[in-house]
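One file, upload_26.tsv, is given below (TSV, C-alpha atoms and all ligand atoms).
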```tsv
chain	number	residue	atom	x	y	z
A	37	MET	CA	0.00	0.00	0.00
A	38	ARG	CA	1.30	3.44	-0.96
A	39	LEU	CA	1.36	5.69	2.08
A	40	ASP	CA	1.58	9.47	2.25
A	41	TYR	CA	4.56	9.53	4.61
A	42	ASP	CA	6.59	7.17	6.76
A	43	ILE	CA	6.24	9.36	9.79
A	44	ALA	CA	3.97	12.19	10.88
A	45	ILE	CA	5.09	14.54	13.62
A	46	ILE	CA	2.34	16.59	15.19
A	47	GLY	CA	3.67	19.83	16.62
A	48	GLY	CA	6.63	21.96	15.59
A	49	GLY	CA	8.29	22.80	18.91
A	50	PRO	CA	11.85	21.67	19.76
A	51	GLY	CA	10.72	18.07	20.40
A	52	GLY	CA	8.91	17.78	17.07
A	53	LEU	CA	11.65	19.58	15.13
A	54	SER	CA	14.38	17.44	16.59
A	55	ALA	CA	12.39	14.31	15.72
A	56	ALA	CA	12.00	15.69	12.20
A	57	ILE	CA	15.75	16.28	11.84
A	58	TYR	CA	16.57	12.73	12.96
A	59	ALA	CA	13.75	11.04	11.01
A	60	SER	CA	14.41	12.79	7.70
A	61	ARG	CA	18.16	12.46	8.07
A	62	GLY	CA	17.52	8.75	8.68
A	63	GLY	CA	15.85	8.56	5.28
A	64	LEU	CA	12.21	8.52	6.39
A	65	ASP	CA	9.56	10.45	4.46
A	66	THR	CA	8.71	12.93	7.19
A	67	VAL	CA	5.98	15.50	7.65
A	68	VAL	CA	5.48	17.98	10.49
A	69	PHE	CA	2.00	19.33	11.09
A	70	GLU	CA	1.90	22.66	12.87
A	71	LYS	CA	-1.23	24.77	12.97
A	72	GLY	CA	0.50	27.96	14.09
A	73	LEU	CA	4.01	29.28	14.17
A	74	VAL	CA	6.74	26.63	14.15
A	75	GLY	CA	8.68	26.69	17.42
A	76	GLY	CA	6.07	26.02	20.08
A	77	GLN	CA	6.35	27.68	23.46
A	78	ILE	CA	10.01	28.69	23.03
A	79	VAL	CA	9.08	31.39	20.55
A	80	LEU	CA	7.56	33.14	23.57
A	81	THR	CA	10.98	33.23	25.24
A	82	ALA	CA	13.25	36.20	24.63
A	83	ASP	CA	16.59	34.64	25.58
A	84	ILE	CA	17.53	30.99	25.78
A	85	GLU	CA	20.77	30.91	27.71
A	86	ASN	CA	21.00	27.24	28.61
A	87	TYR	CA	20.73	25.44	25.26
A	88	PRO	CA	24.18	23.93	24.76
A	89	GLY	CA	26.28	25.36	22.00
A	90	PHE	CA	24.70	28.81	21.83
A	91	GLU	CA	26.63	31.00	24.23
A	92	GLU	CA	25.35	34.13	22.50
A	93	ASN	CA	21.80	33.76	23.96
A	94	LEU	CA	19.64	33.20	20.92
A	95	SER	CA	15.95	33.97	21.16
A	96	GLY	CA	13.50	31.07	21.20
A	97	PHE	CA	12.38	32.12	17.73
A	98	ASP	CA	15.94	31.96	16.36
A	99	ILE	CA	16.58	28.49	17.77
A	100	ALA	CA	13.28	27.20	16.36
A	101	ASP	CA	14.03	28.77	13.00
A	102	LYS	CA	17.45	27.11	12.86
A	103	MET	CA	15.93	23.74	13.77
A	104	LYS	CA	13.25	24.12	11.11
A	105	LYS	CA	15.82	24.94	8.41
A	106	GLN	CA	17.93	21.97	9.49
A	107	ALA	CA	14.90	19.63	9.20
A	108	ASN	CA	14.01	21.17	5.83
A	109	ASN	CA	17.54	20.57	4.56
A	110	PHE	CA	17.11	16.85	5.25
A	111	GLY	CA	13.79	16.79	3.40
A	112	THR	CA	11.14	17.24	6.10
A	113	GLU	CA	7.89	18.67	4.76
A	114	PHE	CA	5.99	21.20	6.86
A	115	LYS	CA	2.23	21.49	6.59
A	116	MET	CA	0.29	24.29	8.23
A	117	GLU	CA	-2.76	22.17	8.81
A	118	GLU	CA	-4.67	21.61	11.98
A	119	VAL	CA	-4.74	17.97	13.04
A	120	LEU	CA	-8.27	17.06	14.06
A	121	GLU	CA	-7.85	13.37	14.78
A	122	VAL	CA	-5.24	10.64	14.93
A	123	LYS	CA	-5.98	6.96	14.38
A	124	PRO	CA	-2.84	5.38	15.82
A	125	LYS	CA	-3.73	1.71	16.17
A	126	GLY	CA	-2.34	-0.93	13.83
A	127	LYS	CA	0.58	-0.80	11.43
A	128	ILE	CA	-0.97	1.78	9.11
A	129	LYS	CA	-1.98	4.88	11.03
A	130	SER	CA	-3.94	7.97	10.05
A	131	VAL	CA	-3.64	11.65	10.72
A	132	VAL	CA	-6.79	13.57	9.85
A	133	THR	CA	-6.31	17.29	9.28
A	134	ASN	CA	-8.65	20.04	8.21
A	135	SER	CA	-7.77	19.26	4.60
A	136	LYS	CA	-6.99	15.55	4.24
A	137	GLU	CA	-6.54	12.13	5.87
A	138	TYR	CA	-2.89	11.10	5.68
A	139	LYS	CA	-1.77	7.47	5.91
A	140	VAL	CA	1.52	6.95	7.72
A	141	ARG	CA	3.46	4.23	9.50
A	142	SER	CA	4.34	6.01	12.70
A	143	ILE	CA	3.21	9.11	14.58
A	144	ILE	CA	5.09	11.30	17.03
A	145	ILE	CA	2.95	13.50	19.28
A	146	ALA	CA	4.75	16.76	20.03
A	147	THR	CA	1.81	19.01	20.80
A	148	GLY	CA	3.37	20.49	23.92
A	149	ALA	CA	1.59	22.46	26.56
A	150	ASN	CA	-0.11	25.82	26.96
A	151	PRO	CA	-0.01	28.37	29.76
A	152	ARG	CA	-2.45	27.61	32.55
A	153	LYS	CA	-5.11	30.23	33.26
A	154	LEU	CA	-5.36	31.50	36.82
A	155	GLY	CA	-9.14	31.34	36.67
A	156	VAL	CA	-9.97	34.51	38.59
A	157	GLU	CA	-12.62	37.11	37.92
A	158	GLY	CA	-11.56	39.68	35.34
A	159	GLU	CA	-8.91	37.42	33.76
A	160	ALA	CA	-10.90	36.39	30.68
A	161	ARG	CA	-12.53	39.80	30.16
A	162	LEU	CA	-9.20	41.66	30.33
A	163	THR	CA	-7.06	39.19	28.36
A	164	GLY	CA	-5.35	41.26	25.68
A	165	LYS	CA	-6.28	44.36	27.68
A	166	GLY	CA	-3.54	44.17	30.27
A	167	VAL	CA	-3.73	40.45	31.06
A	168	SER	CA	-1.03	38.60	29.13
A	169	TYR	CA	0.56	35.16	29.00
A	170	CYS	CA	3.60	36.29	26.99
A	171	ALA	CA	6.09	38.85	28.22
A	172	THR	CA	8.16	38.51	25.05
A	173	CYS	CA	5.13	39.44	22.94
A	174	ASP	CA	3.67	42.21	25.09
A	175	GLY	CA	6.46	43.41	27.39
A	176	ALA	CA	7.44	46.38	25.21
A	177	LEU	CA	3.93	47.81	25.65
A	178	TYR	CA	4.72	48.49	29.30
A	179	ARG	CA	7.63	50.91	28.98
A	180	ASP	CA	7.89	52.91	32.23
A	181	LYS	CA	4.74	51.25	33.57
A	182	ILE	CA	4.05	49.05	36.56
A	183	VAL	CA	3.37	45.36	35.96
A	184	ALA	CA	2.85	42.22	37.99
A	185	VAL	CA	3.85	38.65	37.25
A	186	VAL	CA	1.90	35.86	38.93
A	187	GLY	CA	3.78	32.64	39.79
A	188	GLY	CA	7.08	31.60	41.33
A	189	GLY	CA	8.53	29.10	38.83
A	190	ASP	CA	11.31	29.54	36.25
A	191	SER	CA	8.93	31.10	33.75
A	192	ALA	CA	7.52	33.67	36.17
A	193	VAL	CA	10.89	34.80	37.49
A	194	GLU	CA	12.70	34.77	34.12
A	195	GLU	CA	9.92	36.72	32.48
A	196	ALA	CA	9.79	39.16	35.39
A	197	LEU	CA	13.49	39.81	34.80
A	198	PHE	CA	12.80	40.30	31.10
A	199	LEU	CA	10.03	42.78	31.90
A	200	THR	CA	12.45	44.97	33.88
A	201	ARG	CA	13.89	45.99	30.50
A	202	PHE	CA	10.71	47.97	29.92
A	203	ALA	CA	8.66	48.44	33.07
A	204	ARG	CA	9.70	50.75	35.88
A	205	LYS	CA	8.46	48.30	38.51
A	206	VAL	CA	7.74	44.58	38.38
A	207	TYR	CA	5.92	42.80	41.19
A	208	ILE	CA	6.17	39.04	41.45
A	209	ILE	CA	3.10	37.72	43.22
A	210	HIS	CA	3.74	34.32	44.68
A	211	ARG	CA	1.46	32.17	46.78
A	212	ARG	CA	4.26	30.87	49.03
A	213	ASP	CA	7.31	32.24	50.85
A	214	LYS	CA	9.84	30.52	48.57
A	215	LEU	CA	10.33	30.70	44.81
A	216	ARG	CA	10.31	27.49	42.81
A	217	ALA	CA	12.67	28.94	40.16
A	218	ILE	CA	16.29	27.76	40.13
A	219	LYS	CA	18.80	29.50	42.42
A	220	LEU	CA	20.64	31.46	39.71
A	221	VAL	CA	17.39	32.98	38.43
A	222	ARG	CA	16.01	33.58	41.95
A	223	GLU	CA	19.14	35.45	42.93
A	224	ARG	CA	19.03	37.62	39.85
A	225	ALA	CA	15.50	38.60	40.83
A	226	PHE	CA	16.51	39.33	44.44
A	227	ARG	CA	19.30	41.59	43.16
A	228	ASN	CA	17.15	43.46	40.67
A	229	GLU	CA	16.03	46.80	42.09
A	230	LYS	CA	12.96	46.99	39.89
A	231	ILE	CA	11.57	43.70	41.22
A	232	GLU	CA	9.53	43.43	44.39
A	233	ILE	CA	8.23	40.07	45.49
A	234	VAL	CA	4.80	39.95	47.08
A	235	TRP	CA	5.04	36.80	49.17
A	236	ASN	CA	2.29	34.48	50.41
A	237	SER	CA	-0.32	36.19	48.30
A	238	ILE	CA	-2.94	35.12	45.83
A	239	VAL	CA	-4.84	37.10	43.22
A	240	LYS	CA	-8.55	37.21	43.97
A	241	GLU	CA	-9.67	39.48	41.16
A	242	ILE	CA	-8.31	41.57	38.29
A	243	GLU	CA	-10.04	44.92	38.05
A	244	GLY	CA	-10.20	47.50	35.31
A	245	LYS	CA	-12.84	49.17	33.16
A	246	ASP	CA	-11.38	48.81	29.66
A	247	PHE	CA	-7.84	47.88	30.69
A	248	VAL	CA	-6.22	46.35	33.78
A	249	GLU	CA	-5.99	48.87	36.62
A	250	ASN	CA	-5.84	46.98	39.88
A	251	LEU	CA	-5.31	43.59	41.48
A	252	LYS	CA	-7.30	42.48	44.48
A	253	LEU	CA	-4.91	40.34	46.52
A	254	HIS	CA	-5.11	38.26	49.64
A	255	ASN	CA	-2.17	37.67	51.96
A	256	LYS	CA	-2.49	34.16	53.38
A	257	GLU	CA	-0.02	34.75	56.23
A	258	ASP	CA	-1.92	37.49	57.97
A	259	ASP	CA	-5.31	36.86	56.32
A	260	ARG	CA	-5.43	40.35	54.85
A	261	ASP	CA	-6.97	41.66	51.62
A	262	PHE	CA	-5.16	44.45	49.81
A	263	ASP	CA	-5.00	46.24	46.44
A	264	LEU	CA	-2.12	46.66	44.02
A	265	THR	CA	-2.36	49.33	41.34
A	266	ILE	CA	-0.78	48.08	38.13
A	267	ASP	CA	-0.92	48.59	34.36
A	268	GLY	CA	-0.59	44.98	33.31
A	269	VAL	CA	-0.38	41.45	34.68
A	270	PHE	CA	1.48	38.46	33.25
A	271	MET	CA	0.37	34.95	34.20
A	272	TYR	CA	3.01	32.25	34.66
A	273	VAL	CA	1.26	29.71	36.85
A	274	GLY	CA	2.31	26.55	35.06
A	275	ILE	CA	1.31	24.70	31.95
A	276	ILE	CA	-1.39	22.29	30.82
A	277	PRO	CA	-0.67	19.52	28.31
A	278	ASN	CA	-2.28	19.67	24.86
A	279	ASN	CA	-3.47	16.08	25.01
A	280	LYS	CA	-6.84	16.45	23.26
A	281	LEU	CA	-5.86	14.32	20.25
A	282	VAL	CA	-4.72	11.31	22.25
A	283	LYS	CA	-6.25	11.46	25.70
A	284	GLU	CA	-8.83	8.76	24.93
A	285	PHE	CA	-6.25	6.10	24.20
A	286	VAL	CA	-2.82	6.90	25.62
A	287	GLU	CA	-1.78	6.48	29.22
A	288	LEU	CA	-1.63	9.82	31.01
A	289	ASP	CA	-0.54	10.81	34.50
A	290	GLU	CA	-3.02	12.46	36.85
A	291	GLN	CA	-2.24	15.92	35.42
A	292	GLY	CA	-2.78	14.75	31.84
A	293	PHE	CA	0.86	14.42	30.73
A	294	ILE	CA	1.65	11.41	28.51
A	295	GLN	CA	3.47	8.51	30.07
A	296	THR	CA	6.16	7.09	27.83
A	297	ASP	CA	8.97	4.62	28.40
A	298	ALA	CA	12.63	5.49	27.92
A	299	SER	CA	12.25	5.09	24.15
A	300	MET	CA	9.44	7.69	24.09
A	301	SER	CA	6.93	4.95	23.18
A	302	THR	CA	3.39	5.35	24.41
A	303	ASN	CA	1.26	2.33	25.25
A	304	ILE	CA	0.34	2.12	21.53
A	305	PRO	CA	3.00	0.51	19.30
A	306	GLY	CA	4.40	2.95	16.74
A	307	LEU	CA	2.98	5.98	18.57
A	308	TYR	CA	5.56	8.14	20.34
A	309	ALA	CA	5.37	11.32	22.40
A	310	VAL	CA	8.05	13.95	23.00
A	311	GLY	CA	8.64	17.25	24.73
A	312	ASP	CA	6.48	19.18	27.18
A	313	ILE	CA	3.42	16.97	26.72
A	314	ASN	CA	5.27	14.11	28.41
A	315	GLN	CA	5.46	13.36	32.09
A	316	LYS	CA	9.07	14.33	32.87
A	317	VAL	CA	11.26	15.92	35.51
A	318	LEU	CA	12.77	18.67	33.38
A	319	ARG	CA	10.98	20.65	30.66
A	320	GLN	CA	13.69	22.31	28.58
A	321	VAL	CA	14.60	22.76	24.94
A	322	VAL	CA	17.47	20.33	25.44
A	323	THR	CA	15.28	17.59	26.95
A	324	ALA	CA	12.61	18.05	24.27
A	325	ALA	CA	15.32	17.79	21.61
A	326	SER	CA	16.62	14.64	23.25
A	327	ASP	CA	13.12	13.12	23.32
A	328	GLY	CA	12.70	13.91	19.63
A	329	ALA	CA	15.95	12.22	18.66
A	330	THR	CA	15.07	9.12	20.69
A	331	ALA	CA	11.52	8.88	19.31
A	332	ALA	CA	12.69	9.24	15.70
A	333	PHE	CA	15.33	6.55	16.23
A	334	GLU	CA	12.75	4.19	17.72
A	335	ALA	CA	10.17	5.00	15.05
A	336	GLU	CA	12.70	4.15	12.37
A	337	LYS	CA	13.18	0.70	13.93
A	338	TRP	CA	9.42	0.20	14.30
A	339	ILE	CA	8.88	1.10	10.63
A	340	GLU	CA	11.69	-1.19	9.50
A	341	ASN	CA	10.31	-4.10	11.52
A	342	THR	CA	6.67	-3.72	10.50
A	343	LYS	CA	6.94	-2.51	6.90
A	344	ASP	CA	6.78	-5.84	5.10
A	345	GLN	CA	4.52	-7.70	7.49
B	401	LIG	P1	5.95	25.65	37.14
B	401	LIG	O1	7.37	25.32	37.34
B	401	LIG	O2	4.91	24.61	37.27
B	401	LIG	O3	5.63	26.87	38.13
B	401	LIG	C1	4.31	27.36	38.25
B	401	LIG	C2	4.31	28.40	39.35
B	401	LIG	O4	2.99	28.94	39.44
B	401	LIG	C3	4.68	27.83	40.71
B	401	LIG	O5	5.49	28.74	41.40
B	401	LIG	C4	3.31	27.68	41.38
B	401	LIG	O6	3.36	27.86	42.77
B	401	LIG	C5	2.51	28.79	40.76
B	401	LIG	N1	1.09	28.47	40.68
B	401	LIG	C6	0.50	27.38	40.14
B	401	LIG	N2	-0.83	27.46	40.24
B	401	LIG	C7	-1.09	28.62	40.87
B	401	LIG	C8	-2.28	29.27	41.27
B	401	LIG	N3	-3.48	28.73	41.02
B	401	LIG	N4	-2.18	30.45	41.90
B	401	LIG	C9	-0.97	31.01	42.16
B	401	LIG	N5	0.19	30.45	41.77
B	401	LIG	C10	0.13	29.26	41.15
B	401	LIG	O7	5.69	26.28	35.68
B	401	LIG	P2	6.63	27.17	34.73
B	401	LIG	O8	7.40	28.16	35.49
B	401	LIG	O9	5.74	27.61	33.62
B	401	LIG	O10	7.63	26.11	34.14
B	401	LIG	C11	7.16	24.96	33.42
B	401	LIG	C12	8.34	24.06	33.15
B	401	LIG	O11	9.25	24.68	32.24
B	401	LIG	C13	9.15	23.78	34.41
B	401	LIG	O12	9.63	22.46	34.34
B	401	LIG	C14	10.31	24.76	34.34
B	401	LIG	O13	11.47	24.37	35.04
B	401	LIG	C15	10.54	24.82	32.83
B	401	LIG	N6	11.13	26.11	32.44
B	401	LIG	C16	12.49	26.17	32.36
B	401	LIG	C17	13.10	27.37	32.01
B	401	LIG	C18	14.59	27.42	31.89
B	401	LIG	O14	15.27	26.49	32.27
B	401	LIG	N7	15.20	28.46	31.38
B	401	LIG	C19	12.32	28.50	31.76
B	401	LIG	C20	10.97	28.40	31.89
B	401	LIG	C21	10.36	27.20	32.24
B	401	LIG	P3	4.11	26.80	43.75
B	401	LIG	O15	5.57	27.06	43.60
B	401	LIG	O16	3.56	27.14	45.09
B	401	LIG	O17	3.67	25.45	43.27
```
Could you express the structure from this file as structure tokens?
Ligand code: NAP
Amino acid sequence: MRLDYDIAIIGGGPGGLSAAIYASRGGLDTVVFEKGLVGGQIVLTADIENYPGFEENLSGFDIADKMKKQANNFGTEFKMEEVLEVKPKGKIKSVVTNSKEYKVRSIIIATGANPRKLGVEGEARLTGKGVSYCATCDGALYRDKIVAVVGGGDSAVEEALFLTRFARKVYIIHRRDKLRAIKLVRERAFRNEKIEIVWNSIVKEIEGKDFVENLKLHNKEDDRDFDLTIDGVFMYVGIIPNNKLVKEFVELDEQGFIQTDASMSTNIPGLYAVGDINQKVLRQVVTAASDGATAAFEAEKWIENTKDQ
């Protein structure tokens, strides 16, 4: 049977792009489906300073662009089509997009994760009007203004540091008395005069008529409500996996991340998962790239072993 491709990779973040580089370099007919901009969540990051080999701090966009070109050079095709369904069981699998059903031998899920919403009053109404999930995209709008970042992880603290390039004051609002971010990043924030950390506090409501004006906060330590006047608020309270396409049939952990074995195989033979959508201890460009390489290598073996059966 003539198939459309050997391997379909769904998602064009670092995990998917790395899989594409390895699969196409390994001689497989490879397609990457990406409904938006290639690069995934890293394109929302201004500086990547811990991806080995790039001491000059490339932006997330630049790294993704380099990976895409590298995959292209080995023959990967990129299709800007939205994948609506995958049919991963059996030796011939299908990927159904908004324009066609593609027959392939193996599928790699690289659909990543999206920022989690805080879920407080005012958040949805004021999104795009002072509520943002992307400092890289919107930070420059807040030159000389006062902004808040909600969260205490690597994203929150790194993006708060990034925002100090523009804003005159950056509050980090964290629900505990200790940041989750790594020491190096934490200490940069402690040293930065523009950053003030609002400890032990949660956001109860985001207020503003047409644009964000005020946060209603609650301090859990002394059980006190208080207001913070700001011009914008950036949410970095974690991520949720984009598991919609596979959640009915792959094994997930309790938070919805895909459980794979060391070869990035899911519980369905020939179906692999890589990057932020996976249950893992470290979500980084380098670990996503590693997942992608492993999955492509395993997929190549699976295809070789099942092709003539
Ligand atoms: P994260 O590590 O899960 O941190 C989420 C933060 O939001 C935590 O501080 C958490 O508080 C807080 N939070 C969660 N729900 C909340 C709520 N309802 N209200 C208030 N605060 C809430 O997420 P992330 O920072 O987006 O990072 C995701 C992954 O990417 C992590 O593995 C991270 O290490 C990685 N990452 C790495 C880099 C880098 O290496 N350069 C950069 C960015 C992200 P608690 O601390 O109390 O749980």
Check: Closest to ligand LIG 401 (chain B) among A:Leu281, A:Ile144, A:Val206, A:Val79, using all atoms listed in the file?
Finding: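 When distances to ligand LIG 401 (chain B) are compared using all atoms listed in the file, the smallest one comes from A:Val79.
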With 6 Å on each side, where is the centre of the axis-aligned box around all listed atoms of region 73-91 of chain A, and how long are its edges in Å to one decimal, as JSON?
```
{"center_x": 15.3, "center_y": 30.1, "center_z": 21.4, "size_x": 34.6, "size_y": 24.3, "size_z": 26.5}
```
Margin query: To check your reading of the model: which residues sit at most 9 Å from ligand LIG 401 (chain B) when counting all atoms listed in the file? Write the answer as a PyMOL selection string.
Written below: chain A and resi 78+81+83-87+151-155+186-195+209-218+221+237-239+271-275+312+316-321
Margin query: Please report the interatomic distance between CA of Val269 (chain A) and CA of Lys230 (chain A) in Å with one decimal.
Written below: 15.4 Å
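Using all atoms listed in the file, the smallest distance between any of A:Glu117, A:Asp180, A:Glu340, A:Glu159 and Ile45 (chain A) comes from A:Glu117.
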Checklist line | Selection near Ala325 (chain A), 9 Å with all atoms listed in the file, sequence-local residues under 6 positions removed, as a PyMOL selection string | finding: chain A and resi 50-55+310-311
For those residues, write C-alpha atoms to a file as an mmCIF file, keeping the file's coordinate frame.
```cif
data_model
loop_
_atom_site.group_PDB
_atom_site.id
_atom_site.type_symbol
_atom_site.label_atom_id
_atom_site.label_comp_id
_atom_site.auth_asym_id
_atom_site.auth_seq_id
_atom_site.Cartn_x
_atom_site.Cartn_y
_atom_site.Cartn_z
ATOM 1 C CA PRO A 50 11.850 21.670 19.760
ATOM 2 C CA GLY A 51 10.720 18.070 20.400
ATOM 3 C CA GLY A 52 8.910 17.780 17.070
ATOM 4 C CA LEU A 53 11.650 19.580 15.130
ATOM 5 C CA SER A 54 14.380 17.440 16.590
ATOM 6 C CA ALA A 55 12.390 14.310 15.720
ATOM 7 C CA VAL A 310 8.050 13.950 23.000
ATOM 8 C CA GLY A 311 8.640 17.250 24.730
#
```
Next item on the list: Would you mind telling me which residue in A:Ala309, A:Val119, A:Val185, A:Ala324 lies nearest to Gly268 (chain A) when using all atoms listed in the file?
Entry: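 Of A:Ala309, A:Val119, A:Val185, A:Ala324, the one nearest Gly268 (chain A) is A:Val185, counting all atoms listed in the file.
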